[in-house]
file query_33.pdb (PDB, C-alpha atoms and all ligand atoms)
ATOM      1  CA  MET A1057     214.250  97.049  69.860
ATOM      2  CA  ASP A1058     210.505  96.944  69.028
ATOM      3  CA  ARG A1059     208.575  94.512  71.202
ATOM      4  CA  TYR A1060     205.643  92.241  70.313
ATOM      5  CA  VAL A1061     203.796  89.538  72.272
ATOM      6  CA  VAL A1062     201.226  86.817  71.870
ATOM      7  CA  ILE A1063     198.602  87.328  74.554
ATOM      8  CA  GLY A1064     196.279  84.555  75.725
ATOM      9  CA  HIS A1065     195.243  82.292  78.594
ATOM     10  CA  PRO A1066     196.864  79.809  78.402
ATOM     11  CA  VAL A1067     199.719  81.003  76.218
ATOM     12  CA  GLU A1068     202.680  78.775  77.106
ATOM     13  CA  HIS A1069     201.878  76.369  74.235
ATOM     14  CA  SER A1070     201.909  79.095  71.558
ATOM     15  CA  VAL A1071     204.416  78.680  68.714
ATOM     16  CA  SER A1072     203.948  82.304  67.594
ATOM     17  CA  PRO A1073     207.234  83.421  69.257
ATOM     18  CA  ARG A1074     209.102  80.767  67.263
ATOM     19  CA  ILE A1075     207.371  81.751  63.992
ATOM     20  CA  HIS A1076     208.104  85.463  64.450
ATOM     21  CA  ALA A1077     211.707  84.766  65.471
ATOM     22  CA  LEU A1078     212.143  82.852  62.193
ATOM     23  CA  PHE A1079     210.470  85.683  60.224
ATOM     24  CA  ALA A1080     212.708  88.289  61.909
ATOM     25  CA  GLN A1081     215.847  86.262  61.217
ATOM     26  CA  GLN A1082     214.884  85.730  57.576
ATOM     27  CA  THR A1083     213.996  89.390  56.880
ATOM     28  CA  GLY A1084     216.750  90.958  59.008
ATOM     29  CA  GLN A1085     214.177  92.760  61.193
ATOM     30  CA  SER A1086     215.292  93.615  64.700
ATOM     31  CA  LEU A1087     212.481  92.802  67.128
ATOM     32  CA  ASP A1088     211.736  91.002  70.358
ATOM     33  CA  TYR A1089     208.650  88.717  70.472
ATOM     34  CA  GLY A1090     207.446  87.124  73.714
ATOM     35  CA  ARG A1091     204.447  85.592  75.459
ATOM     36  CA  CYS A1092     202.013  87.395  77.763
ATOM     37  CA  LEU A1093     199.681  85.434  80.037
ATOM     38  CA  SER A1094     196.746  87.742  80.743
ATOM     39  CA  PRO A1095     194.416  87.111  83.699
ATOM     40  CA  LEU A1096     191.027  85.970  82.377
ATOM     41  CA  ASP A1097     189.348  89.023  83.929
ATOM     42  CA  GLY A1098     192.078  91.525  83.119
ATOM     43  CA  PHE A1099     192.620  91.598  79.354
ATOM     44  CA  VAL A1100     192.066  95.351  78.834
ATOM     45  CA  GLU A1101     194.322  96.314  81.759
ATOM     46  CA  THR A1102     197.006  93.937  80.502
ATOM     47  CA  VAL A1103     196.946  95.421  76.993
ATOM     48  CA  GLN A1104     197.100  98.955  78.426
ATOM     49  CA  ALA A1105     200.118  97.986  80.547
ATOM     50  CA  LEU A1106     201.818  96.466  77.479
ATOM     51  CA  ALA A1107     201.443  99.809  75.647
ATOM     52  CA  VAL A1108     203.059 101.646  78.561
ATOM     53  CA  ASP A1109     205.872  99.068  78.518
ATOM     54  CA  GLY A1110     206.593  99.861  74.849
ATOM     55  CA  VAL A1111     204.990  96.822  73.192
ATOM     56  CA  ARG A1112     204.108  97.714  69.554
ATOM     57  CA  GLY A1113     201.809  94.830  68.682
ATOM     58  CA  CYS A1114     200.039  91.728  69.965
ATOM     59  CA  ASN A1115     198.824  88.500  68.483
ATOM     60  CA  VAL A1116     195.673  87.626  70.396
ATOM     61  CA  THR A1117     194.669  84.057  71.079
ATOM     62  CA  VAL A1118     191.974  82.159  72.995
ATOM     63  CA  PRO A1119     189.907  83.408  74.765
ATOM     64  CA  PHE A1120     190.530  87.109  74.085
ATOM     65  CA  LYS A1121     189.824  87.632  70.363
ATOM     66  CA  PHE A1122     186.352  89.074  71.015
ATOM     67  CA  GLU A1123     187.595  91.349  73.824
ATOM     68  CA  ALA A1124     190.462  92.578  71.635
ATOM     69  CA  PHE A1125     187.962  93.569  68.954
ATOM     70  CA  GLU A1126     185.677  95.249  71.487
ATOM     71  CA  LEU A1127     188.553  97.197  73.067
ATOM     72  CA  VAL A1128     189.367  98.918  69.769
ATOM     73  CA  ARG A1129     185.761  99.203  68.546
ATOM     74  CA  ALA A1130     184.797 101.052  71.737
ATOM     75  CA  ASN A1131     187.789 103.432  71.784
ATOM     76  CA  ARG A1132     188.720 103.883  68.129
ATOM     77  CA  PRO A1133     186.082 102.479  65.733
ATOM     78  CA  GLU A1134     188.032 103.656  62.673
ATOM     79  CA  GLY A1135     190.946 101.499  63.875
ATOM     80  CA  VAL A1136     188.989  98.262  63.259
ATOM     81  CA  SER A1137     189.676  96.633  59.868
ATOM     82  CA  VAL A1138     186.805  95.463  57.664
ATOM     83  CA  ARG A1139     187.699  91.803  58.238
ATOM     84  CA  ALA A1140     187.891  92.223  62.042
ATOM     85  CA  GLY A1141     184.554  94.073  61.908
ATOM     86  CA  LEU A1142     182.940  91.220  59.959
ATOM     87  CA  ALA A1143     184.305  88.626  62.365
ATOM     88  CA  GLY A1144     183.536  90.659  65.485
ATOM     89  CA  ALA A1145     186.917  89.348  66.662
ATOM     90  CA  ALA A1146     190.554  90.425  66.370
ATOM     91  CA  ASN A1147     193.697  88.289  66.400
ATOM     92  CA  THR A1148     196.130  91.143  65.727
ATOM     93  CA  LEU A1149     196.549  94.459  67.544
ATOM     94  CA  GLY A1150     199.001  97.183  66.618
ATOM     95  CA  LEU A1151     199.886 100.449  68.334
ATOM     96  CA  ASP A1152     200.314 103.705  66.433
ATOM     97  CA  ALA A1153     200.200 107.398  67.339
ATOM     98  CA  SER A1154     196.377 107.255  67.664
ATOM     99  CA  GLY A1155     196.282 104.146  69.859
ATOM    100  CA  TRP A1156     195.555 100.464  69.237
ATOM    101  CA  TRP A1157     194.193  99.252  65.888
ATOM    102  CA  ALA A1158     192.651  95.798  65.384
ATOM    103  CA  ASP A1159     192.718  93.343  62.512
ATOM    104  CA  ASN A1160     191.920  89.686  61.923
ATOM    105  CA  THR A1161     194.429  87.771  59.807
ATOM    106  CA  ASP A1162     193.009  84.242  60.359
ATOM    107  CA  GLY A1163     190.886  84.257  57.204
ATOM    108  CA  ILE A1164     193.544  85.513  54.824
ATOM    109  CA  GLY A1165     195.933  83.036  56.481
ATOM    110  CA  LEU A1166     193.608  80.130  55.699
ATOM    111  CA  ARG A1167     193.007  81.360  52.144
ATOM    112  CA  ARG A1168     196.752  81.584  51.472
ATOM    113  CA  ASP A1169     197.240  78.046  52.763
ATOM    114  CA  ILE A1170     194.407  76.770  50.559
ATOM    115  CA  GLU A1171     195.108  78.768  47.408
ATOM    116  CA  ASP A1172     198.882  79.345  47.478
ATOM    117  CA  ASN A1173     200.353  76.498  49.549
ATOM    118  CA  ALA A1174     197.965  73.712  48.499
ATOM    119  CA  GLY A1175     197.260  75.256  45.069
ATOM    120  CA  VAL A1176     193.491  74.748  45.396
ATOM    121  CA  SER A1177     191.296  77.262  43.561
ATOM    122  CA  LEU A1178     188.132  78.170  45.454
ATOM    123  CA  ARG A1179     186.471  79.783  42.430
ATOM    124  CA  GLY A1180     183.050  78.279  41.709
ATOM    125  CA  ARG A1181     183.461  75.644  44.468
ATOM    126  CA  ARG A1182     181.112  74.538  47.265
ATOM    127  CA  LEU A1183     182.547  74.786  50.806
ATOM    128  CA  LEU A1184     181.291  73.400  54.117
ATOM    129  CA  LEU A1185     182.385  75.262  57.251
ATOM    130  CA  VAL A1186     181.944  73.130  60.377
ATOM    131  CA  GLY A1187     181.901  75.270  63.509
ATOM    132  CA  ALA A1188     180.752  78.775  64.417
ATOM    133  CA  GLY A1189     183.194  79.851  67.120
ATOM    134  CA  GLY A1190     185.950  82.450  66.968
ATOM    135  CA  ALA A1191     187.992  80.677  64.291
ATOM    136  CA  ALA A1192     184.993  80.144  62.001
ATOM    137  CA  ALA A1193     183.961  83.795  62.431
ATOM    138  CA  GLY A1194     187.502  84.884  61.555
ATOM    139  CA  VAL A1195     187.797  82.883  58.350
ATOM    140  CA  LEU A1196     184.295  83.370  56.921
ATOM    141  CA  GLY A1197     184.605  86.931  55.550
ATOM    142  CA  PRO A1198     187.830  86.324  53.574
ATOM    143  CA  LEU A1199     186.494  82.954  52.312
ATOM    144  CA  LEU A1200     183.424  84.726  50.931
ATOM    145  CA  GLU A1201     185.745  86.962  48.886
ATOM    146  CA  ALA A1202     187.362  83.976  47.131
ATOM    147  CA  GLY A1203     184.794  83.467  44.356
ATOM    148  CA  LEU A1204     183.117  80.424  45.945
ATOM    149  CA  ALA A1205     179.695  79.448  44.588
ATOM    150  CA  GLU A1206     178.300  78.317  47.943
ATOM    151  CA  VAL A1207     179.200  78.235  51.636
ATOM    152  CA  VAL A1208     177.203  76.173  54.132
ATOM    153  CA  ILE A1209     177.817  76.513  57.881
ATOM    154  CA  VAL A1210     176.926  73.779  60.374
ATOM    155  CA  ASN A1211     177.474  73.908  64.110
ATOM    156  CA  ARG A1212     176.573  71.920  67.218
ATOM    157  CA  THR A1213     174.783  74.998  68.564
ATOM    158  CA  ALA A1214     172.651  75.832  65.526
ATOM    159  CA  GLU A1215     171.882  79.426  66.606
ATOM    160  CA  LYS A1216     175.560  80.373  66.368
ATOM    161  CA  ALA A1217     175.708  79.197  62.742
ATOM    162  CA  LEU A1218     172.564  81.205  61.993
ATOM    163  CA  ALA A1219     174.078  84.279  63.655
ATOM    164  CA  LEU A1220     177.198  83.975  61.457
ATOM    165  CA  VAL A1221     175.014  83.759  58.360
ATOM    166  CA  ASP A1222     173.117  86.874  59.483
ATOM    167  CA  SER A1223     176.261  88.895  60.148
ATOM    168  CA  HIS A1224     177.781  87.911  56.782
ATOM    169  CA  ALA A1225     174.654  87.903  54.571
ATOM    170  CA  ALA A1226     175.326  91.252  52.904
ATOM    171  CA  TRP A1227     179.016  90.400  52.395
ATOM    172  CA  ALA A1228     178.069  87.078  50.780
ATOM    173  CA  GLN A1229     175.495  88.717  48.538
ATOM    174  CA  SER A1230     177.920  91.412  47.396
ATOM    175  CA  HIS A1231     180.416  88.671  46.446
ATOM    176  CA  GLY A1232     177.826  86.489  44.688
ATOM    177  CA  VAL A1233     178.044  83.577  47.169
ATOM    178  CA  ARG A1234     175.052  81.508  48.372
ATOM    179  CA  LEU A1235     175.426  81.405  52.187
ATOM    180  CA  SER A1236     173.264  79.305  54.489
ATOM    181  CA  ALA A1237     173.245  77.486  57.830
ATOM    182  CA  ARG A1238     172.032  73.918  58.318
ATOM    183  CA  PRO A1239     171.693  71.590  61.301
ATOM    184  CA  LEU A1240     174.791  69.474  61.958
ATOM    185  CA  THR A1241     172.772  66.343  61.135
ATOM    186  CA  GLU A1242     171.715  67.680  57.717
ATOM    187  CA  ALA A1243     175.063  68.984  56.525
ATOM    188  CA  GLY A1244     174.586  67.862  52.906
ATOM    189  CA  ALA A1245     176.969  65.928  50.655
ATOM    190  CA  GLY A1246     179.825  66.158  48.173
ATOM    191  CA  TYR A1247     181.509  69.447  49.091
ATOM    192  CA  ASP A1248     184.693  70.406  47.232
ATOM    193  CA  VAL A1249     186.246  71.749  50.458
ATOM    194  CA  VAL A1250     185.361  70.918  54.078
ATOM    195  CA  ILE A1251     186.832  73.064  56.849
ATOM    196  CA  ASN A1252     186.750  71.741  60.407
ATOM    197  CA  GLY A1253     186.741  74.937  62.456
ATOM    198  CA  THR A1254     185.486  73.240  65.617
ATOM    199  CA  ALA A1255     187.463  72.384  68.716
ATOM    200  CA  SER A1256     186.248  68.765  68.410
ATOM    201  CA  SER A1257     189.734  67.491  67.548
ATOM    202  CA  LEU A1258     191.126  69.297  70.566
ATOM    203  CA  ALA A1259     188.525  67.564  72.747
ATOM    204  CA  GLY A1260     189.344  64.174  71.162
ATOM    205  CA  ALA A1261     185.683  63.932  70.090
ATOM    206  CA  ALA A1262     184.416  62.187  66.941
ATOM    207  CA  VAL A1263     184.288  64.117  63.669
ATOM    208  CA  PRO A1264     180.997  65.984  63.972
ATOM    209  CA  VAL A1265     179.775  65.453  60.364
ATOM    210  CA  PRO A1266     179.113  62.303  58.290
ATOM    211  CA  ALA A1267     181.656  61.226  55.646
ATOM    212  CA  GLU A1268     179.213  61.967  52.813
ATOM    213  CA  VAL A1269     180.111  65.675  53.146
ATOM    214  CA  LEU A1270     183.452  64.804  51.510
ATOM    215  CA  SER A1271     183.915  64.219  47.795
ATOM    216  CA  PRO A1272     186.546  61.785  46.439
ATOM    217  CA  GLN A1273     188.612  64.494  44.743
ATOM    218  CA  GLY A1274     187.817  67.015  47.469
ATOM    219  CA  TRP A1275     189.865  68.666  50.194
ATOM    220  CA  ALA A1276     189.525  68.801  53.955
ATOM    221  CA  TRP A1277     191.230  71.147  56.420
ATOM    222  CA  ASP A1278     191.345  70.935  60.181
ATOM    223  CA  LEU A1279     192.232  74.332  61.631
ATOM    224  CA  MET A1280     193.891  72.417  64.449
ATOM    225  CA  TYR A1281     197.466  71.163  63.979
ATOM    226  CA  GLY A1282     199.759  68.637  65.632
ATOM    227  CA  ALA A1283     198.670  65.328  67.093
ATOM    228  CA  GLY A1284     195.186  66.667  67.849
ATOM    229  CA  ALA A1285     194.336  67.026  64.154
ATOM    230  CA  ALA A1286     195.240  63.423  63.288
ATOM    231  CA  GLY A1287     191.762  61.961  63.866
ATOM    232  CA  PHE A1288     190.082  64.346  61.414
ATOM    233  CA  LEU A1289     192.863  64.066  58.814
ATOM    234  CA  ASP A1290     192.836  60.242  58.955
ATOM    235  CA  TRP A1291     189.036  60.241  58.641
ATOM    236  CA  ALA A1292     189.135  62.550  55.582
ATOM    237  CA  ARG A1293     191.883  60.529  53.858
ATOM    238  CA  ALA A1294     190.117  57.248  54.580
ATOM    239  CA  HIS A1295     187.146  58.634  52.625
ATOM    240  CA  GLY A1296     189.243  59.687  49.637
ATOM    241  CA  ALA A1297     189.731  63.397  50.336
ATOM    242  CA  GLN A1298     193.066  65.191  50.490
ATOM    243  CA  ALA A1299     193.644  66.630  53.931
ATOM    244  CA  ARG A1300     195.743  69.330  55.578
ATOM    245  CA  ASP A1301     196.052  70.581  59.126
ATOM    246  CA  GLY A1302     196.044  74.181  60.382
ATOM    247  CA  LEU A1303     199.799  74.714  60.612
ATOM    248  CA  GLY A1304     199.918  76.410  57.205
ATOM    249  CA  MET A1305     197.136  78.773  58.266
ATOM    250  CA  LEU A1306     198.971  79.520  61.516
ATOM    251  CA  VAL A1307     202.153  80.508  59.688
ATOM    252  CA  GLU A1308     200.253  82.490  57.030
ATOM    253  CA  GLN A1309     198.173  84.463  59.564
ATOM    254  CA  ALA A1310     201.395  85.269  61.408
ATOM    255  CA  ALA A1311     203.031  86.419  58.159
ATOM    256  CA  GLU A1312     200.131  88.796  57.522
ATOM    257  CA  ALA A1313     200.489  90.231  61.065
ATOM    258  CA  PHE A1314     204.252  90.597  60.538
ATOM    259  CA  TRP A1315     203.582  92.482  57.306
ATOM    260  CA  LEU A1316     201.021  94.761  59.019
ATOM    261  CA  TRP A1317     203.489  95.588  61.803
ATOM    262  CA  ARG A1318     206.777  95.733  59.887
ATOM    263  CA  GLY A1319     205.817  96.432  56.238
ATOM    264  CA  VAL A1320     207.864  93.382  55.185
ATOM    265  CA  ARG A1321     206.409  90.109  53.860
ATOM    266  CA  PRO A1322     208.346  87.017  54.951
ATOM    267  CA  ASP A1323     208.704  83.912  52.787
ATOM    268  CA  THR A1324     206.475  81.445  54.629
ATOM    269  CA  SER A1325     207.496  78.133  53.012
ATOM    270  CA  PRO A1326     210.873  77.643  54.789
ATOM    271  CA  VAL A1327     209.261  78.636  58.091
ATOM    272  CA  LEU A1328     206.424  76.144  57.621
ATOM    273  CA  GLU A1329     208.928  73.447  56.734
ATOM    274  CA  ALA A1330     211.091  74.220  59.793
ATOM    275  CA  LEU A1331     208.076  74.131  62.111
ATOM    276  CA  ARG A1332     206.855  70.816  60.722
ATOM    277  CA  THR A1333     210.272  69.312  61.353
ATOM    278  CA  GLU A1334     210.465  70.740  64.874
ATOM    279  CA  LEU A1335     206.935  69.611  65.803
ATOM    280  CA  ALA A1336     207.545  66.103  64.393
ATOM    281  CA  ARG A1337     210.785  65.881  66.392
ATOM    282  CA  LYS A1338     208.943  66.937  69.574
ATOM    283  CA  ALA A1339     206.116  64.447  68.936
ATOM    284  CA  GLY A1340     208.691  61.701  68.494
ATOM    285  CA  GLY A1341     210.127  62.619  71.887
TER     286      GLY A1341
HETATM  287  P1  LIG B   1     185.774  78.405  70.050
HETATM  288  O1  LIG B   1     185.475  79.835  69.775
HETATM  289  O2  LIG B   1     185.797  77.904  71.440
HETATM  290  O3  LIG B   1     184.692  77.541  69.196
HETATM  291  C1  LIG B   1     184.665  76.160  69.311
HETATM  292  C2  LIG B   1     183.807  75.568  68.189
HETATM  293  O4  LIG B   1     183.934  74.142  68.229
HETATM  294  C3  LIG B   1     182.324  75.869  68.329
HETATM  295  O5  LIG B   1     181.743  75.917  67.045
HETATM  296  C4  LIG B   1     181.837  74.631  69.116
HETATM  297  O6  LIG B   1     180.467  74.355  68.956
HETATM  298  C5  LIG B   1     182.643  73.560  68.439
HETATM  299  N1  LIG B   1     182.839  72.350  69.226
HETATM  300  C6  LIG B   1     183.595  72.194  70.340
HETATM  301  N2  LIG B   1     183.601  70.899  70.743
HETATM  302  C7  LIG B   1     182.821  70.224  69.857
HETATM  303  C8  LIG B   1     182.416  68.864  69.727
HETATM  304  N3  LIG B   1     182.827  67.928  70.600
HETATM  305  N4  LIG B   1     181.618  68.530  68.681
HETATM  306  C9  LIG B   1     181.196  69.467  67.807
HETATM  307  N5  LIG B   1     181.541  70.761  67.876
HETATM  308  C10 LIG B   1     182.334  71.145  68.884
HETATM  309  O7  LIG B   1     187.196  77.970  69.427
HETATM  310  P2  LIG B   1     187.902  78.599  68.159
HETATM  311  O8  LIG B   1     188.753  79.733  68.589
HETATM  312  O9  LIG B   1     186.858  78.834  67.119
HETATM  313  O10 LIG B   1     188.910  77.414  67.720
HETATM  314  C11 LIG B   1     188.428  76.280  67.003
HETATM  315  C12 LIG B   1     189.634  75.473  66.487
HETATM  316  O11 LIG B   1     190.378  76.243  65.534
HETATM  317  C13 LIG B   1     190.627  75.066  67.581
HETATM  318  O12 LIG B   1     191.011  73.728  67.335
HETATM  319  C14 LIG B   1     191.807  75.999  67.356
HETATM  320  O13 LIG B   1     193.021  75.404  67.756
HETATM  321  C15 LIG B   1     191.754  76.202  65.856
HETATM  322  N6  LIG B   1     192.382  77.458  65.387
HETATM  323  C16 LIG B   1     193.445  77.374  64.546
HETATM  324  C17 LIG B   1     194.032  78.521  64.047
HETATM  325  C18 LIG B   1     195.210  78.406  63.115
HETATM  326  O14 LIG B   1     195.878  79.408  62.843
HETATM  327  N7  LIG B   1     195.482  77.244  62.586
HETATM  328  C19 LIG B   1     193.551  79.781  64.417
HETATM  329  C20 LIG B   1     192.448  79.839  65.280
HETATM  330  C21 LIG B   1     191.869  78.665  65.763
HETATM  331  P3  LIG B   1     179.382  75.102  69.918
HETATM  332  O15 LIG B   1     179.201  76.472  69.332
HETATM  333  O16 LIG B   1     178.191  74.250  69.811
HETATM  334  O17 LIG B   1     179.987  75.129  71.299
END
call {"tool": "encode", "arguments": {"input": "query_33.pdb", "output": "structure tokens"}}
result
Amino acid sequence: MDRYVVIGHPVEHSVSPRIHALFAQQTGQSLDYGRCLSPLDGFVETVQALAVDGVRGCNVTVPFKFEAFELVRANRPEGVSVRAGLAGAANTLGLDASGWWADNTDGIGLRRDIEDNAGVSLRGRRLLLVGAGGAAAGVLGPLLEAGLAEVVIVNRTAEKALALVDSHAAWAQSHGVRLSARPLTEAGAGYDVVINGTASSLAGAAVPVPAEVLSPQGWAWDLMYGAGAAGFLDWARAHGAQARDGLGMLVEQAAEAFWLWRGVRPDTSPVLEALRTELARKAGG
């Protein structure tokens, strides 16, 4: 049976094993998907040991997405996908006859949740991306391919937003998107879509942008899901926007990884529905 793992530190909280078990059941694929807790200073050795043990693919989570990218870039540059190259981070590794390849499915996962699950067209719209960490880097490239008119990035540490703009400037230009970075305090107003890609919800901190960034008919996403996302979602709804958490993105990025590994595309909607029910049941004790 082919083996896959989610690798991170910590990793116990990850729902990826549950998602992939549901995908495997639905598509009739025979696979085993587990968790791997890597030491913080031993990611490369852990991945090498997984290959020897017969693991065929890994989902990579915090804090190893940058190391996963670097591992493949250094050993097999042609094995890095365009979207992982743009992000400088990988959330999916796969093993083939030439070694590990690296991809980043976070951005396409978010786009599918926005465009397919929520039915929101990004064409011609203005989007505010709050945050410039690993998640923001992962979603930016695919968002720039969606026909948006403008993307503005704001981040607590302004230099990181500027660096993201620099690394994506050519990609934005080739897709006809105006891309810029602004200070968090001058985020602007009236965006069609606001994405919270910060860990502020996780930290229980206040929403890091003023409510004027939202527009009454607009949309807001928190990439976080579960109880932690509630503060941002309540804030967005209280100011008239429609809001969604990151669970849809999580399931969609997993579906893309499943397709890359297995060549089969699962139907994500029953899996998303099952997870929502399970998480609500857990939250209710
Ligand atoms: P990360 O690389 O550690 O980046 C954290 C980001 O949050 C940085 O931009 C940081 O700003 C900002 N930040 C942290 N605390 C803040 C605060 N109190 N106020 C303002 N900004 C703050 O983390 P990440 O991997 O990008 O993850 C970010 C979020 O996305 C997490 O909630 C994670 O759960 C979620 N995520 C979801 C999915 C999904 O599939 N749904 C996938 C990936 C990530 P500085 O640069 O100034 O430190």
call {"tool": "closest_atom_pairs", "arguments": {"input": "query_33.pdb", "of": "chain A", "to": "ligand LIG 1 (chain B)", "cutoff": "6 Å", "atoms": "all atoms listed in the file", "output": "JSON lines"}}
result
{"residue": "A:Val1118", "atom": "CA", "partner": "B:LIG1", "partner_atom": "O8", "distance": 6.0}
{"residue": "A:Gly1187", "atom": "CA", "partner": "B:LIG1", "partner_atom": "O5", "distance": 3.6}
{"residue": "A:Ala1188", "atom": "CA", "partner": "B:LIG1", "partner_atom": "O5", "distance": 4.0}
{"residue": "A:Gly1189", "atom": "CA", "partner": "B:LIG1", "partner_atom": "O3", "distance": 3.4}
{"residue": "A:Gly1190", "atom": "CA", "partner": "B:LIG1", "partner_atom": "O9", "distance": 3.7}
{"residue": "A:Ala1191", "atom": "CA", "partner": "B:LIG1", "partner_atom": "O9", "distance": 3.6}
{"residue": "A:Ala1192", "atom": "CA", "partner": "B:LIG1", "partner_atom": "O9", "distance": 5.6}
{"residue": "A:Asn1211", "atom": "CA", "partner": "B:LIG1", "partner_atom": "O5", "distance": 5.6}
{"residue": "A:Arg1212", "atom": "CA", "partner": "B:LIG1", "partner_atom": "O16", "distance": 3.8}
{"residue": "A:Thr1213", "atom": "CA", "partner": "B:LIG1", "partner_atom": "O16", "distance": 3.7}
{"residue": "A:Gly1253", "atom": "CA", "partner": "B:LIG1", "partner_atom": "O11", "distance": 4.9}
{"residue": "A:Thr1254", "atom": "CA", "partner": "B:LIG1", "partner_atom": "O4", "distance": 3.2}
{"residue": "A:Ala1255", "atom": "CA", "partner": "B:LIG1", "partner_atom": "O4", "distance": 4.0}
{"residue": "A:Ser1256", "atom": "CA", "partner": "B:LIG1", "partner_atom": "C7", "distance": 4.0}
{"residue": "A:Leu1258", "atom": "CA", "partner": "B:LIG1", "partner_atom": "O12", "distance": 5.5}
{"residue": "A:Ala1261", "atom": "CA", "partner": "B:LIG1", "partner_atom": "N3", "distance": 4.9}
{"residue": "A:Pro1264", "atom": "CA", "partner": "B:LIG1", "partner_atom": "C9", "distance": 5.2}
{"residue": "A:Leu1279", "atom": "CA", "partner": "B:LIG1", "partner_atom": "C16", "distance": 4.4}
{"residue": "A:Met1280", "atom": "CA", "partner": "B:LIG1", "partner_atom": "O12", "distance": 4.3}
{"residue": "A:Gly1302", "atom": "CA", "partner": "B:LIG1", "partner_atom": "N7", "distance": 3.8}
{"residue": "A:Leu1303", "atom": "CA", "partner": "B:LIG1", "partner_atom": "N7", "distance": 5.4}
{"residue": "A:Met1305", "atom": "CA", "partner": "B:LIG1", "partner_atom": "O14", "distance": 4.8}
{"residue": "A:Leu1306", "atom": "CA", "partner": "B:LIG1", "partner_atom": "O14", "distance": 3.4}
call {"tool": "closest_residue", "arguments": {"input": "query_33.pdb", "among": "A:Val1108, A:Ala1339, A:Val1250, A:Leu1185", "to": "Ile1209 in chain A", "atoms": "only C-alpha atoms"}}
result
A:Leu1185
call {"tool": "atom_distance", "arguments": {"input": "query_33.pdb", "atom1": "CA of Leu1240 in chain A", "atom2": "CA of Tyr1281 in chain A"}}
result
22.8 Å
call {"tool": "closest_residue", "arguments": {"input": "query_33.pdb", "among": "A:Ile1075, A:Ala1217, A:Leu1316, A:Ala1283", "to": "Gly1340 in chain A", "atoms": "all atoms listed in the file"}}
result
A:Ala1283
call {"tool": "residues_near_point", "arguments": {"input": "query_33.pdb", "point": "(192.4, 63.6, 65.9)", "cutoff": "10 Å", "atoms": "all atoms listed in the file", "output": "list of chain:residue names"}}
result
A:Ser1256, A:Ser1257, A:Leu1258, A:Ala1259, A:Gly1260, A:Ala1261, A:Ala1262, A:Val1263, A:Asp1278, A:Met1280, A:Tyr1281, A:Gly1282, A:Ala1283, A:Gly1284, A:Ala1285, A:Ala1286, A:Gly1287, A:Phe1288, A:Leu1289, A:Asp1290, A:Trp1291
call {"tool": "write_last_selection", "arguments": {"input": "query_33.pdb", "atoms": "C-alpha atoms", "output": "mmCIF file, keeping the file's coordinate frame"}}
result
data_model
loop_
_atom_site.group_PDB
_atom_site.id
_atom_site.type_symbol
_atom_site.label_atom_id
_atom_site.label_comp_id
_atom_site.auth_asym_id
_atom_site.auth_seq_id
_atom_site.Cartn_x
_atom_site.Cartn_y
_atom_site.Cartn_z
ATOM 1 C CA SER A 1256 186.248 68.765 68.410
ATOM 2 C CA SER A 1257 189.734 67.491 67.548
ATOM 3 C CA LEU A 1258 191.126 69.297 70.566
ATOM 4 C CA ALA A 1259 188.525 67.564 72.747
ATOM 5 C CA GLY A 1260 189.344 64.174 71.162
ATOM 6 C CA ALA A 1261 185.683 63.932 70.090
ATOM 7 C CA ALA A 1262 184.416 62.187 66.941
ATOM 8 C CA VAL A 1263 184.288 64.117 63.669
ATOM 9 C CA ASP A 1278 191.345 70.935 60.181
ATOM 10 C CA MET A 1280 193.891 72.417 64.449
ATOM 11 C CA TYR A 1281 197.466 71.163 63.979
ATOM 12 C CA GLY A 1282 199.759 68.637 65.632
ATOM 13 C CA ALA A 1283 198.670 65.328 67.093
ATOM 14 C CA GLY A 1284 195.186 66.667 67.849
ATOM 15 C CA ALA A 1285 194.336 67.026 64.154
ATOM 16 C CA ALA A 1286 195.240 63.423 63.288
ATOM 17 C CA GLY A 1287 191.762 61.961 63.866
ATOM 18 C CA PHE A 1288 190.082 64.346 61.414
ATOM 19 C CA LEU A 1289 192.863 64.066 58.814
ATOM 20 C CA ASP A 1290 192.836 60.242 58.955
ATOM 21 C CA TRP A 1291 189.036 60.241 58.641
#
call {"tool": "residues_near_point", "arguments": {"input": "query_33.pdb", "point": "(191.4, 86.1, 62.1)", "cutoff": "12 Å", "atoms": "all atoms listed in the file", "output": "PyMOL selection string"}}
result
chain A and resi 1115-1118+1121-1122+1124-1125+1137-1149+1158-1167+1189-1199+1279+1305-1306+1308-1310+1312-1313
call {"tool": "closest_residue", "arguments": {"input": "query_33.pdb", "among": "A:Val1307, A:Val1103, A:Val1269, A:Leu1218", "to": "Pro1322 in chain A", "atoms": "all atoms listed in the file"}}
result
A:Val1307
call {"tool": "resolve_selection", "arguments": {"input": "query_33.pdb", "expression": "the PyMOL selection byres (((chain A and resi 1088-1098) around 12) and not hetatm)", "output": "MDAnalysis selection string"}}
result
chainID A and resid 1057:1081 1085:1087 1099:1106 1110:1120 1123:1124 1314
call {"tool": "axis_aligned_box", "arguments": {"input": "query_33.pdb", "around": "range 1083-1086 of chain A", "padding_each_side": "6 Å", "output": "JSON"}}
result
{"center_x": 215.4, "center_y": 91.5, "center_z": 60.8, "size_x": 14.8, "size_y": 16.2, "size_z": 19.8}
call {"tool": "closest_residue", "arguments": {"input": "query_33.pdb", "among": "A:Asn1131, A:Gly1150, A:Arg1234, A:Ala1202", "to": "Ser1177 in chain A", "atoms": "all atoms listed in the file"}}
result
A:Ala1202
call {"tool": "atom_distance", "arguments": {"input": "query_33.pdb", "atom1": "CA of Lys1216 in chain A", "atom2": "CA of Leu1127 in chain A"}}
result
22.3 Å
call {"tool": "resolve_selection", "arguments": {"input": "query_33.pdb", "expression": "the PyMOL selection byres (((chain A and resi 1235) around 10) and not hetatm)", "output": "list in words"}}
result
Leu1183, Leu1200, Leu1204, Ala1205, Glu1206, Val1207, Val1208, Ile1209, Leu1220, Val1221, Asp1222, His1224, Ala1225, Ala1226, Trp1227, Ala1228, Gln1229, Gly1232, Val1233, Arg1234, Ser1236 and Ala1237 of chain A
